[in-house]
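With mmCIF, C-alpha atoms (C1' of nucleotides) and all ligand atoms inside, this is query_8.cif:
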```cif
data_protein
#
loop_
_atom_site.label_atom_id
_atom_site.label_comp_id
_atom_site.auth_asym_id
_atom_site.auth_seq_id
_atom_site.Cartn_x
_atom_site.Cartn_y
_atom_site.Cartn_z
CA MET V 1 0.00 0.00 0.00
CA ILE V 2 2.89 2.30 0.72
CA GLN V 3 4.47 1.30 -2.56
CA GLU V 4 1.14 1.98 -4.21
CA LYS V 5 1.11 5.53 -2.88
CA LYS V 6 4.69 6.16 -3.83
CA ARG V 7 3.82 5.07 -7.31
CA THR V 8 0.81 7.38 -7.32
CA PHE V 9 3.05 10.28 -6.43
CA ASN V 10 5.65 9.35 -9.03
CA VAL V 11 3.00 9.21 -11.71
CA PHE V 12 1.69 12.58 -10.62
CA ALA V 13 5.21 14.03 -10.50
CA ALA V 14 5.98 12.72 -13.96
CA SER V 15 2.76 14.11 -15.40
CA LYS V 16 3.58 17.50 -13.92
CA GLY V 17 7.22 17.41 -14.94
CA LEU V 18 8.33 17.65 -11.31
CA ARG V 19 11.89 16.68 -10.53
CA SER V 20 12.71 13.96 -8.11
CA THR V 21 14.43 15.21 -4.98
CA ARG V 22 15.75 13.69 -1.78
CA GLN V 23 13.57 16.09 0.25
CA ARG V 24 10.32 15.05 -1.37
CA ASP V 25 11.22 11.40 -0.99
CA ASN V 26 12.01 11.90 2.70
CA ILE V 27 8.83 13.82 3.35
CA LEU V 28 6.72 11.24 1.57
CA ASP V 29 8.35 8.40 3.52
CA VAL V 30 7.75 10.13 6.83
CA PHE V 31 4.20 11.08 5.90
CA LEU V 32 3.32 7.54 4.88
CA ALA V 33 4.79 6.20 8.12
CA THR V 34 2.78 8.66 10.18
CA HIS V 35 -0.55 8.32 11.87
CA GLN V 36 -3.48 10.31 10.68
CA HIS V 37 -4.04 14.04 11.13
CA VAL V 38 -0.48 15.36 11.34
CA SER V 39 0.21 19.05 11.58
CA VAL V 40 2.86 20.55 9.34
CA GLU V 41 5.03 21.34 12.33
CA GLU V 42 4.84 17.76 13.62
CA LEU V 43 5.76 16.41 10.25
CA TYR V 44 8.58 18.90 9.89
CA LEU V 45 10.10 17.78 13.19
CA LYS V 46 9.86 14.13 12.25
CA VAL V 47 11.46 14.76 8.89
CA LYS V 48 14.25 16.74 10.50
CA ALA V 49 14.90 13.88 12.90
CA VAL V 50 15.33 11.50 9.99
CA SER V 51 17.36 13.64 7.66
CA GLN V 52 19.14 16.88 8.34
CA GLY V 53 18.50 19.81 6.15
CA VAL V 54 14.91 19.92 5.08
CA GLY V 55 13.33 23.34 5.46
CA GLN V 56 9.86 24.09 6.74
CA ALA V 57 8.98 25.83 3.51
CA THR V 58 9.67 22.63 1.63
CA VAL V 59 7.42 20.65 3.97
CA TYR V 60 4.60 23.14 3.41
CA ARG V 61 5.11 23.02 -0.33
CA THR V 62 5.39 19.27 -0.51
CA LEU V 63 2.23 18.59 1.49
CA LYS V 64 0.31 20.69 -0.98
CA LEU V 65 1.72 18.55 -3.74
CA PHE V 66 0.49 15.43 -1.93
CA VAL V 67 -2.99 16.92 -1.84
CA GLU V 68 -2.81 17.71 -5.54
CA ALA V 69 -1.60 14.19 -6.21
CA GLY V 70 -4.62 12.84 -4.34
CA LEU V 71 -2.83 11.05 -1.55
CA ALA V 72 -3.43 13.52 1.25
CA ARG V 73 -6.31 15.62 2.46
CA GLU V 74 -6.10 18.93 4.30
CA ILE V 75 -8.05 19.20 7.56
CA LEU V 76 -8.80 22.42 9.40
CA LEU V 77 -9.98 21.85 12.94
CA HIS V 78 -10.37 24.59 15.51
CA ASP V 79 -6.80 24.77 16.75
CA GLY V 80 -5.42 27.09 14.12
CA GLN V 81 -3.14 24.47 12.61
CA THR V 82 -3.61 22.84 9.24
CA ARG V 83 -3.41 19.08 9.44
CA TYR V 84 -3.02 16.47 6.76
CA GLU V 85 -4.31 12.93 6.63
CA HIS V 86 -3.90 10.02 4.26
CA VAL V 87 -6.45 9.61 1.56
CA LEU V 88 -7.19 6.30 -0.06
CA ALA V 89 -8.49 6.67 -3.58
CA GLY V 90 -12.23 7.30 -3.54
CA GLU V 91 -12.51 7.02 0.21
CA HIS V 92 -14.22 9.66 2.32
CA HIS V 93 -14.94 10.01 6.00
CA ASP V 94 -15.85 12.64 8.55
CA HIS V 95 -14.71 13.30 12.11
CA LEU V 96 -15.78 13.22 15.72
CA VAL V 97 -13.30 15.53 17.46
CA CYS V 98 -12.81 15.25 21.22
CA THR V 99 -12.15 18.64 22.74
CA GLY V 100 -10.93 16.94 25.90
CA CYS V 101 -8.02 14.85 24.61
CA ASN V 102 -7.88 16.01 20.97
CA SER V 103 -8.45 12.50 19.73
CA ILE V 104 -10.33 11.99 16.49
CA ILE V 105 -12.80 9.27 15.63
CA GLU V 106 -13.51 8.72 11.97
CA PHE V 107 -16.85 7.69 10.56
CA GLU V 108 -18.64 7.25 7.28
CA ASN V 109 -22.34 7.65 6.74
CA GLU V 110 -23.73 7.12 3.33
CA THR V 111 -27.17 8.45 4.24
CA ILE V 112 -25.75 11.79 5.35
CA GLU V 113 -23.84 12.02 2.10
CA GLN V 114 -26.99 11.36 0.10
CA LEU V 115 -28.96 13.95 2.07
CA GLN V 116 -26.27 16.48 1.30
CA ASP V 117 -26.65 15.76 -2.38
CA GLU V 118 -30.39 16.27 -2.11
CA ILE V 119 -29.99 19.56 -0.27
CA ALA V 120 -27.51 20.79 -2.85
CA ALA V 121 -29.75 19.74 -5.73
CA ARG V 122 -32.68 21.58 -4.16
CA HIS V 123 -30.61 24.80 -4.25
CA GLY V 124 -29.04 24.23 -7.65
CA PHE V 125 -25.72 23.99 -5.88
CA MET V 126 -22.82 21.95 -7.27
CA ILE V 127 -20.88 20.25 -4.48
CA ARG V 128 -17.14 20.17 -4.74
CA SER V 129 -16.33 19.08 -1.21
CA HIS V 130 -17.71 19.14 2.28
CA LYS V 131 -16.68 18.81 5.88
CA LEU V 132 -18.67 17.50 8.80
CA GLU V 133 -17.03 17.80 12.16
CA ILE V 134 -18.73 16.85 15.38
CA TYR V 135 -17.13 18.36 18.48
CA GLY V 136 -17.61 17.05 22.00
CA LEU V 137 -16.19 14.55 24.46
CA CYS V 138 -15.15 11.01 23.70
CA SER V 139 -16.20 8.20 25.98
CA ARG V 140 -12.98 8.39 28.01
CA CYS V 141 -13.24 12.15 28.53
CA ARG V 142 -16.83 12.19 29.75
CA THR V 143 -16.91 12.56 33.51
CA MET Z 144 -36.43 40.31 19.11
CA ILE Z 145 -33.58 42.75 19.36
CA GLN Z 146 -34.77 43.66 22.83
CA GLU Z 147 -34.91 39.98 23.63
CA LYS Z 148 -31.25 39.57 22.70
CA LYS Z 149 -30.19 42.61 24.61
CA ARG Z 150 -31.92 41.20 27.62
CA THR Z 151 -30.15 37.89 27.09
CA PHE Z 152 -26.83 39.66 27.11
CA ASN Z 153 -27.67 41.67 30.17
CA VAL Z 154 -28.67 38.57 32.06
CA PHE Z 155 -25.43 36.91 31.01
CA ALA Z 156 -23.41 39.98 31.96
CA ALA Z 157 -25.07 40.15 35.35
CA SER Z 158 -24.46 36.48 36.03
CA LYS Z 159 -20.80 36.91 35.15
CA GLY Z 160 -20.39 40.13 37.09
CA LEU Z 161 -19.47 42.02 33.93
CA ARG Z 162 -19.68 45.77 34.05
CA SER Z 163 -21.84 47.69 31.67
CA THR Z 164 -19.93 49.82 29.19
CA ARG Z 165 -20.74 52.10 26.30
CA GLN Z 166 -18.46 50.04 24.03
CA ARG Z 167 -20.26 46.78 24.61
CA ASP Z 168 -23.61 48.45 24.10
CA ASN Z 169 -22.43 49.96 20.83
CA ILE Z 170 -20.99 46.73 19.56
CA LEU Z 171 -24.12 44.80 20.44
CA ASP Z 172 -26.32 47.37 18.70
CA VAL Z 173 -24.24 47.23 15.54
CA PHE Z 174 -24.03 43.45 15.61
CA LEU Z 175 -27.78 43.08 15.99
CA ALA Z 176 -28.36 45.48 13.09
CA THR Z 177 -25.98 43.55 10.87
CA HIS Z 178 -26.54 40.83 8.32
CA GLN Z 179 -25.31 37.34 8.90
CA HIS Z 180 -21.70 36.18 8.76
CA VAL Z 181 -19.81 39.36 9.58
CA SER Z 182 -16.07 39.36 9.93
CA VAL Z 183 -14.54 41.09 12.94
CA GLU Z 184 -12.94 43.69 10.72
CA GLU Z 185 -16.25 44.51 9.02
CA LEU Z 186 -17.96 44.88 12.36
CA TYR Z 187 -15.11 46.98 13.70
CA LEU Z 188 -15.45 49.40 10.80
CA LYS Z 189 -19.21 49.68 11.27
CA VAL Z 190 -18.83 50.31 14.96
CA LYS Z 191 -16.20 52.95 14.35
CA ALA Z 192 -18.52 54.68 11.90
CA VAL Z 193 -21.20 54.90 14.56
CA SER Z 194 -19.14 55.85 17.56
CA GLN Z 195 -15.58 57.07 17.71
CA GLY Z 196 -13.17 55.37 19.99
CA VAL Z 197 -13.80 51.70 20.10
CA GLY Z 198 -10.69 49.62 19.67
CA GLN Z 199 -10.34 46.47 17.62
CA ALA Z 200 -9.26 44.54 20.68
CA THR Z 201 -12.55 45.38 22.33
CA VAL Z 202 -14.50 44.19 19.31
CA TYR Z 203 -12.60 40.90 19.38
CA ARG Z 204 -13.17 40.54 23.10
CA THR Z 205 -16.83 41.47 22.95
CA LEU Z 206 -17.71 39.07 20.15
CA LYS Z 207 -16.34 36.25 22.25
CA LEU Z 208 -18.63 37.36 25.03
CA PHE Z 209 -21.59 37.24 22.66
CA VAL Z 210 -20.71 33.67 21.82
CA GLU Z 211 -20.48 32.82 25.51
CA ALA Z 212 -23.79 34.51 26.09
CA GLY Z 213 -25.33 32.35 23.39
CA LEU Z 214 -26.37 35.08 20.98
CA ALA Z 215 -23.65 34.65 18.39
CA ARG Z 216 -21.89 31.78 16.75
CA GLU Z 217 -18.36 31.73 15.39
CA ILE Z 218 -17.92 30.54 11.84
CA LEU Z 219 -14.61 29.56 10.34
CA LEU Z 220 -14.72 29.29 6.59
CA HIS Z 221 -11.64 28.90 4.48
CA ASP Z 222 -10.75 32.55 4.00
CA GLY Z 223 -8.63 33.07 7.09
CA GLN Z 224 -11.15 35.36 8.76
CA THR Z 225 -13.35 34.46 11.69
CA ARG Z 226 -16.95 35.41 11.11
CA TYR Z 227 -19.87 35.71 13.48
CA GLU Z 228 -23.54 35.15 12.89
CA HIS Z 229 -26.66 35.61 14.97
CA VAL Z 230 -27.96 32.69 16.90
CA LEU Z 231 -31.60 32.44 17.82
CA ALA Z 232 -32.20 30.41 20.93
CA GLY Z 233 -32.39 26.75 20.03
CA GLU Z 234 -32.02 27.38 16.33
CA HIS Z 235 -29.38 25.64 14.28
CA HIS Z 236 -28.45 25.57 10.62
CA ASP Z 237 -25.58 24.60 8.38
CA HIS Z 238 -24.05 26.17 5.28
CA LEU Z 239 -23.62 25.79 1.57
CA VAL Z 240 -20.61 27.96 0.77
CA CYS Z 241 -20.06 29.14 -2.80
CA THR Z 242 -16.36 29.29 -3.60
CA GLY Z 243 -17.17 31.36 -6.65
CA CYS Z 244 -18.92 34.38 -5.15
CA ASN Z 245 -18.48 33.69 -1.41
CA SER Z 246 -22.23 33.67 -0.88
CA ILE Z 247 -23.68 31.42 1.78
CA ILE Z 248 -26.91 29.48 1.66
CA GLU Z 249 -28.28 28.28 4.98
CA PHE Z 250 -30.14 25.05 5.46
CA GLU Z 251 -31.52 22.86 8.18
CA ASN Z 252 -31.92 19.13 7.97
CA GLU Z 253 -33.39 17.31 10.91
CA THR Z 254 -32.52 13.88 9.53
CA ILE Z 255 -28.85 14.72 9.31
CA GLU Z 256 -28.92 15.98 12.87
CA GLN Z 257 -30.52 12.75 14.04
CA LEU Z 258 -28.00 10.64 12.18
CA GLN Z 259 -25.22 12.57 13.89
CA ASP Z 260 -26.75 11.75 17.25
CA GLU Z 261 -26.86 8.08 16.33
CA ILE Z 262 -23.26 8.07 15.19
CA ALA Z 263 -22.16 9.80 18.37
CA ALA Z 264 -24.17 7.39 20.54
CA ARG Z 265 -22.59 4.46 18.76
CA HIS Z 266 -19.16 5.74 19.82
CA GLY Z 267 -20.10 6.83 23.32
CA PHE Z 268 -19.38 10.38 22.21
CA MET Z 269 -21.11 13.39 23.78
CA ILE Z 270 -21.83 16.06 21.17
CA ARG Z 271 -21.28 19.64 22.13
CA SER Z 272 -21.45 21.22 18.70
CA HIS Z 273 -20.92 20.42 15.08
CA LYS Z 274 -20.32 22.06 11.75
CA LEU Z 275 -21.36 20.91 8.35
CA GLU Z 276 -20.11 22.98 5.47
CA ILE Z 277 -20.68 22.11 1.87
CA TYR Z 278 -18.35 23.82 -0.56
CA GLY Z 279 -19.01 24.25 -4.24
CA LEU Z 280 -20.68 26.55 -6.73
CA CYS Z 281 -24.05 28.19 -6.33
CA SER Z 282 -26.51 28.17 -9.21
CA ARG Z 283 -25.35 31.55 -10.43
CA CYS Z 284 -21.68 30.61 -10.43
CA ARG Z 285 -22.04 27.36 -12.33
CA THR Z 286 -20.94 27.80 -15.92
"C1'" DC D 287 -16.86 60.53 47.11
"C1'" DT D 288 -13.36 56.88 47.05
"C1'" DA D 289 -10.82 52.88 46.68
"C1'" DA D 290 -10.59 48.53 44.35
"C1'" DA D 291 -11.51 45.97 40.34
"C1'" DA D 292 -12.63 45.67 35.60
"C1'" DA D 293 -12.46 47.44 30.96
"C1'" DT D 294 -10.33 49.78 27.31
"C1'" DG D 295 -7.21 50.74 23.38
"C1'" DA D 296 -2.76 51.79 21.30
"C1'" DA D 297 0.93 49.43 20.38
"C1'" DA D 298 3.80 45.43 20.52
"C1'" DA D 299 3.90 40.53 20.19
"C1'" DT D 300 2.57 36.14 18.31
"C1'" DG D 301 2.25 32.53 15.06
"C1'" DA D 302 0.83 30.08 10.97
"C1'" DG D 303 1.57 30.39 6.48
"C1'" DT D 304 3.67 32.68 2.16
"C1'" DA D 305 6.95 35.17 -0.79
"C1'" DT D 306 11.69 36.17 -2.03
"C1'" DC D 307 15.83 35.14 -4.04
"C1'" DA D 308 20.54 33.48 -4.14
"C1'" DA D 309 22.55 29.11 -4.09
"C1'" DA D 310 22.15 24.13 -4.95
"C1'" DA D 311 20.43 20.22 -7.39
"C1'" DG D 312 18.26 17.72 -11.32
"C1'" DC D 313 18.08 16.82 -16.08
"C1'" DA D 314 18.44 16.65 -21.23
"C1'" DG D 315 21.61 16.79 -24.93
"C1'" DG D 316 26.09 16.52 -26.42
"C1'" DC R 317 30.66 12.99 -17.44
"C1'" DC R 318 30.38 18.27 -18.92
"C1'" DT R 319 27.32 22.07 -19.86
"C1'" DG R 320 23.69 25.02 -19.69
"C1'" DC R 321 19.05 25.63 -18.43
"C1'" DT R 322 15.31 25.05 -15.27
"C1'" DT R 323 13.47 23.60 -11.02
"C1'" DT R 324 13.95 23.21 -6.18
"C1'" DT R 325 15.47 24.47 -1.88
"C1'" DG R 326 15.84 26.96 2.52
"C1'" DA R 327 17.15 30.97 5.22
"C1'" DT R 328 15.00 34.91 5.91
"C1'" DA R 329 11.75 38.48 5.52
"C1'" DC R 330 7.13 39.33 5.30
"C1'" DT R 331 1.92 39.20 5.88
"C1'" DC R 332 -2.03 39.44 8.37
"C1'" DA R 333 -5.49 37.86 11.78
"C1'" DT R 334 -5.65 37.54 16.42
"C1'" DT R 335 -3.74 38.03 21.20
"C1'" DT R 336 -1.22 40.14 24.79
"C1'" DT R 337 0.50 43.94 27.36
"C1'" DC R 338 0.00 47.60 30.28
"C1'" DA R 339 -0.84 52.40 31.34
"C1'" DT R 340 -4.98 54.89 31.64
"C1'" DT R 341 -9.90 55.33 32.09
"C1'" DT R 342 -14.31 53.73 33.67
"C1'" DT R 343 -17.45 51.31 36.56
"C1'" DT R 344 -19.30 50.07 40.86
"C1'" DA R 345 -19.78 48.75 45.77
"C1'" DG R 346 -19.71 50.80 50.07
MN MN V 401 -9.58 11.45 9.23
MN MN V 402 -25.47 30.97 8.89
ZN ZN V 403 -11.29 12.54 24.59
ZN ZN V 404 -21.70 31.74 -6.14
#
```
Write out the structure in this file as structure tokens.
Ligand SMILES: [Mn+2]
Ligand SMILES: [Mn+2]
Ligand SMILES: [Zn+2]
Ligand SMILES: [Zn+2]
Amino acid sequence: MIQEKKRTFNVFAASKGLRSTRQRDNILDVFLATHQHVSVEELYLKVKAVSQGVGQATVYRTLKLFVEAGLAREILLHDGQTRYEHVLAGEHHDHLVCTGCNSIIEFENETIEQLQDEIAARHGFMIRSHKLEIYGLCSRCRT
Amino acid sequence: MIQEKKRTFNVFAASKGLRSTRQRDNILDVFLATHQHVSVEELYLKVKAVSQGVGQATVYRTLKLFVEAGLAREILLHDGQTRYEHVLAGEHHDHLVCTGCNSIIEFENETIEQLQDEIAARHGFMIRSHKLEIYGLCSRCRT
DNA sequence: CTAAAAATGAAAATGAGTATCAAAAGCAGG
DNA sequence: CCTGCTTTTGATACTCATTTTCATTTTTAG
């Protein structure tokens, strides 16, 4: 699966005429080895630990490339930091976000997705993307 | 209804031991007279037009009080500016956001809300709030 | 009225993200 | 492998919304 994603990125890079660099390889390796919902800063620190000499700017730039290539998704929660998560082709999910311990539970609900389509249709609206975030306390954080 | 909201804020202020100031009164008046989804900067400019000598910091601080008091809701779209909208007691709605013209269509869907409750229950999660934003193009912006 | 506490606002600080640009690295053709 | 051209990088400067600071003003209880 990791190989699969690397191939996806290489195909994307080739189609865009992007050059192959040590930095992008490093960042992709670290990203693929990382758990979901990483902030740019977190990823930057991990990359730096693995290989000296990768700048923050490059991490920012490269994550945007991953999004363009379709292997990452940008997530904006309420903590002022952009996070990135893995995306499997065609997969989609939404989030339960615990404000107590910052943990995230993922879920999928086909009915909600369908209802969104209906709502959009009713308003002549063409959906490009959506986000559904439910904030509250996870079972461990409830008193 | 405006009186109702002012009363709500006064009750809140009293319960919190907040002092009554000209600035907060001004900001509340302007906010209540304003259309939905105002950015802080927009509100600040309107307030300044009405009464000299209200600082930005106070507008920022006061809007947070309105949220605490339950008469405003914070909205974070993807334009880097925090916006505030009116909240009627017990009312809730979500948003279709046009990325073409930045217009916002509001909608309510009871079934989606119920499904969220079910999902949360299934995970032992206690919902405090949620946001559902659908991004795309409104009927006028579709080509 | 008066003293203590809260509120204000100008200005400085913060912090995530972006732009700049000189230097380094990748690449295609010879 | 050179060579020359283009892309990429990264240190640094910058942007811009929001927050903090703190001296001064305002509110309020007594
Ligand atoms: Mn996720
Ligand atoms: Mn709204
Ligand atoms: Zn939790
Ligand atoms: Zn539009």
Next item on the list: Please give me, as a ChimeraX atom specification, the residues lying within 8 Å of ligand MN 401 (chain V) when counting all atoms listed in the file.
Entry: /V:36-37,85-86,93-95,104-106
Superimposed copy of chain V on chain Z by least squares over C-alpha atoms, as a CSV table (one decimal) with C-alpha atoms, in the frame of the given file:
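Output saved as selection-v6.csv:
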```
chain,number,residue,atom,x,y,z
V,1,MET,CA,-36.4,40.6,18.8
V,2,ILE,CA,-33.6,43.0,19.1
V,3,GLN,CA,-34.8,44.1,22.5
V,4,GLU,CA,-35.1,40.4,23.4
V,5,LYS,CA,-31.4,39.9,22.6
V,6,LYS,CA,-30.3,43.0,24.4
V,7,ARG,CA,-32.1,41.7,27.4
V,8,THR,CA,-30.4,38.3,27.0
V,9,PHE,CA,-27.1,40.0,27.0
V,10,ASN,CA,-28.0,42.2,30.0
V,11,VAL,CA,-29.0,39.2,32.0
V,12,PHE,CA,-25.8,37.4,31.1
V,13,ALA,CA,-23.8,40.5,32.0
V,14,ALA,CA,-25.5,40.8,35.3
V,15,SER,CA,-25.0,37.1,36.1
V,16,LYS,CA,-21.3,37.5,35.3
V,17,GLY,CA,-20.9,40.8,37.1
V,18,LEU,CA,-19.8,42.5,33.9
V,19,ARG,CA,-20.0,46.3,33.9
V,20,SER,CA,-22.1,48.2,31.4
V,21,THR,CA,-20.0,50.2,28.9
V,22,ARG,CA,-20.7,52.4,26.0
V,23,GLN,CA,-18.4,50.2,23.8
V,24,ARG,CA,-20.3,47.0,24.5
V,25,ASP,CA,-23.6,48.7,23.8
V,26,ASN,CA,-22.3,50.1,20.5
V,27,ILE,CA,-20.9,46.8,19.4
V,28,LEU,CA,-24.1,45.0,20.3
V,29,ASP,CA,-26.2,47.5,18.4
V,30,VAL,CA,-24.1,47.2,15.3
V,31,PHE,CA,-23.9,43.4,15.5
V,32,LEU,CA,-27.7,43.2,15.8
V,33,ALA,CA,-28.2,45.5,12.9
V,34,THR,CA,-25.8,43.5,10.8
V,35,HIS,CA,-26.4,40.7,8.3
V,36,GLN,CA,-25.2,37.2,9.0
V,37,HIS,CA,-21.6,36.0,9.0
V,38,VAL,CA,-19.7,39.2,9.8
V,39,SER,CA,-15.9,39.1,10.2
V,40,VAL,CA,-14.4,40.8,13.1
V,41,GLU,CA,-12.7,43.3,10.9
V,42,GLU,CA,-16.0,44.2,9.1
V,43,LEU,CA,-17.7,44.7,12.4
V,44,TYR,CA,-14.9,46.8,13.7
V,45,LEU,CA,-15.1,49.1,10.7
V,46,LYS,CA,-18.9,49.5,11.1
V,47,VAL,CA,-18.6,50.2,14.8
V,48,LYS,CA,-15.9,52.8,14.2
V,49,ALA,CA,-18.1,54.5,11.6
V,50,VAL,CA,-20.8,54.8,14.2
V,51,SER,CA,-18.8,55.8,17.2
V,52,GLN,CA,-15.2,57.0,17.4
V,53,GLY,CA,-12.9,55.3,19.7
V,54,VAL,CA,-13.6,51.6,20.0
V,55,GLY,CA,-10.5,49.5,19.7
V,56,GLN,CA,-10.2,46.2,17.7
V,57,ALA,CA,-9.2,44.4,20.9
V,58,THR,CA,-12.5,45.4,22.4
V,59,VAL,CA,-14.4,44.1,19.4
V,60,TYR,CA,-12.6,40.8,19.6
V,61,ARG,CA,-13.3,40.5,23.3
V,62,THR,CA,-16.9,41.5,23.1
V,63,LEU,CA,-17.8,39.1,20.3
V,64,LYS,CA,-16.5,36.3,22.5
V,65,LEU,CA,-18.8,37.5,25.2
V,66,PHE,CA,-21.8,37.4,22.8
V,67,VAL,CA,-20.9,33.8,22.1
V,68,GLU,CA,-20.8,33.0,25.8
V,69,ALA,CA,-24.1,34.8,26.3
V,70,GLY,CA,-25.6,32.6,23.6
V,71,LEU,CA,-26.5,35.2,21.1
V,72,ALA,CA,-23.8,34.7,18.6
V,73,ARG,CA,-22.0,31.7,17.0
V,74,GLU,CA,-18.5,31.6,15.7
V,75,ILE,CA,-18.0,30.3,12.1
V,76,LEU,CA,-14.7,29.3,10.6
V,77,LEU,CA,-14.8,29.0,6.9
V,78,HIS,CA,-11.8,28.6,4.7
V,79,ASP,CA,-10.8,32.2,4.3
V,80,GLY,CA,-8.7,32.5,7.5
V,81,GLN,CA,-11.1,34.9,9.1
V,82,THR,CA,-13.4,34.1,12.0
V,83,ARG,CA,-16.9,35.2,11.4
V,84,TYR,CA,-19.9,35.6,13.7
V,85,GLU,CA,-23.5,35.1,13.1
V,86,HIS,CA,-26.7,35.6,15.1
V,87,VAL,CA,-28.0,32.7,17.1
V,88,LEU,CA,-31.7,32.4,18.0
V,89,ALA,CA,-32.1,30.4,21.1
V,90,GLY,CA,-32.2,26.7,20.3
V,91,GLU,CA,-31.9,27.2,16.6
V,92,HIS,CA,-29.2,25.4,14.5
V,93,HIS,CA,-28.4,25.4,10.9
V,94,ASP,CA,-25.6,24.5,8.5
V,95,HIS,CA,-24.1,26.1,5.4
V,96,LEU,CA,-23.7,25.9,1.7
V,97,VAL,CA,-20.8,28.1,0.9
V,98,CYS,CA,-20.3,29.4,-2.6
V,99,THR,CA,-16.6,29.6,-3.5
V,100,GLY,CA,-17.5,31.8,-6.5
V,101,CYS,CA,-19.2,34.7,-4.8
V,102,ASN,CA,-18.7,33.9,-1.2
V,103,SER,CA,-22.4,33.8,-0.6
V,104,ILE,CA,-23.8,31.5,2.1
V,105,ILE,CA,-27.0,29.5,2.0
V,106,GLU,CA,-28.3,28.2,5.3
V,107,PHE,CA,-30.2,25.0,5.7
V,108,GLU,CA,-31.5,22.7,8.4
V,109,ASN,CA,-31.9,19.0,8.1
V,110,GLU,CA,-33.2,17.1,11.0
V,111,THR,CA,-32.4,13.7,9.5
V,112,ILE,CA,-28.7,14.6,9.2
V,113,GLU,CA,-28.7,15.7,12.8
V,114,GLN,CA,-30.3,12.4,13.9
V,115,LEU,CA,-27.8,10.4,11.9
V,116,GLN,CA,-25.0,12.2,13.6
V,117,ASP,CA,-26.4,11.3,17.0
V,118,GLU,CA,-26.5,7.7,15.9
V,119,ILE,CA,-22.9,7.7,14.7
V,120,ALA,CA,-21.8,9.3,17.9
V,121,ALA,CA,-23.7,6.8,20.0
V,122,ARG,CA,-22.2,3.9,18.0
V,123,HIS,CA,-18.7,5.2,19.0
V,124,GLY,CA,-19.5,6.1,22.6
V,125,PHE,CA,-18.9,9.7,21.6
V,126,MET,CA,-20.6,12.6,23.4
V,127,ILE,CA,-21.4,15.4,20.9
V,128,ARG,CA,-20.8,19.0,22.0
V,129,SER,CA,-21.1,20.7,18.7
V,130,HIS,CA,-20.7,20.1,15.0
V,131,LYS,CA,-20.2,21.8,11.7
V,132,LEU,CA,-21.3,20.8,8.3
V,133,GLU,CA,-20.2,23.0,5.4
V,134,ILE,CA,-20.8,22.2,1.8
V,135,TYR,CA,-18.5,24.0,-0.6
V,136,GLY,CA,-19.3,24.6,-4.3
V,137,LEU,CA,-21.0,26.9,-6.6
V,138,CYS,CA,-24.4,28.5,-6.1
V,139,SER,CA,-26.9,28.6,-8.9
V,140,ARG,CA,-25.8,32.0,-10.1
V,141,CYS,CA,-22.1,31.1,-10.2
V,142,ARG,CA,-22.5,27.9,-12.2
V,143,THR,CA,-21.5,28.5,-15.8
```
Next item on the list: Output the contact residues of chain Z with respect to chain R at a cut-off of 12 Å, based on all atoms listed in the file, as a list in words.
Entry: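 Filtering chain Z at 12 Å from chain R with all atoms listed in the file gives Gly160, Leu161, Arg162, Ser163, Thr164, Arg165, Gln166, Ser182, Val183, Glu184, Gln199, Ala200, Thr201, Val202, Tyr203, Arg204, Asp222, Gly223, Gln224, Thr225 and Arg226 of chain Z.
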Checklist line | chain V contacts on chain D, all atoms listed in the file, 10 Å, as a list of chain:residue names | finding: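 In the required form, that comes to D:DG301, D:DA302, D:DG303, D:DT304, D:DA311, D:DG312, D:DC313.
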Checklist line | Å distance separating CA of Leu96 (chain V) from CA of Leu275 (chain Z), one decimal place | finding: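 Atom-to-atom, CA of Leu96 (chain V) and CA of Leu275 (chain Z) are spaced 12.0 Å apart.
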Margin query: Just to confirm, what's the straight-line distance from CA of Val181 (chain Z) to CA of Glu234 (chain Z) in Å (one decimal)?
Written below: 18.4 Å
Checklist line | Selection: 10 Å around region 11-14 of chain V, all atoms listed in the file, excl. self and same-chain fewer than 5 positions, as a list in words | finding: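 In the requested form, the answer reads Lys5, Lys6, Arg19, Ser20, Leu65, Phe66, Glu68, Ala69 and Gly70 of chain V.
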Item checked: Residue nearest Leu63 (chain V) - candidates V:Leu88, V:Val50, V:Asp25, V:His35, atoms counted: all atoms listed in the file ->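 Distance minimum relative to Leu63 (chain V) lands on V:Asp25.
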In the coordinate frame of the file, compute which residues have an atom within 6 Å of (-9.9, 53.1, 23.6) when using only C-alpha atoms (C1' of nucleotides), and state them as a compact mmCIF listing (two decimals) with C-alpha atoms (C1' of nucleotides), keeping the file's coordinate frame.
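Once written, selection-v7.txt looks like this:
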```
# COMPACT_ATOMS: atom_id res chain seq x y z
CA GLY Z 196 -13.17 55.37 19.99
CA VAL Z 197 -13.80 51.70 20.10
CA GLY Z 198 -10.69 49.62 19.67
C1' DT D 294 -10.33 49.78 27.31
C1' DG D 295 -7.21 50.74 23.38
```
Notebook entry, point to check: What is the distance between CA of Lys48 (chain V) and CA of Val67 (chain V), in Å to one decimal?
Noted result: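 For CA of Lys48 (chain V) relative to CA of Val67 (chain V), the distance reads 21.2 Å.
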Return as JSON the box centre and box size in Å, one decimal, for an axis-aligned box around all listed atoms of region 107-121 of chain V padded by 8 Å per side.
```
{"center_x": -23.6, "center_y": 14.0, "center_z": 2.4, "size_x": 29.5, "size_y": 29.7, "size_z": 32.3}
```
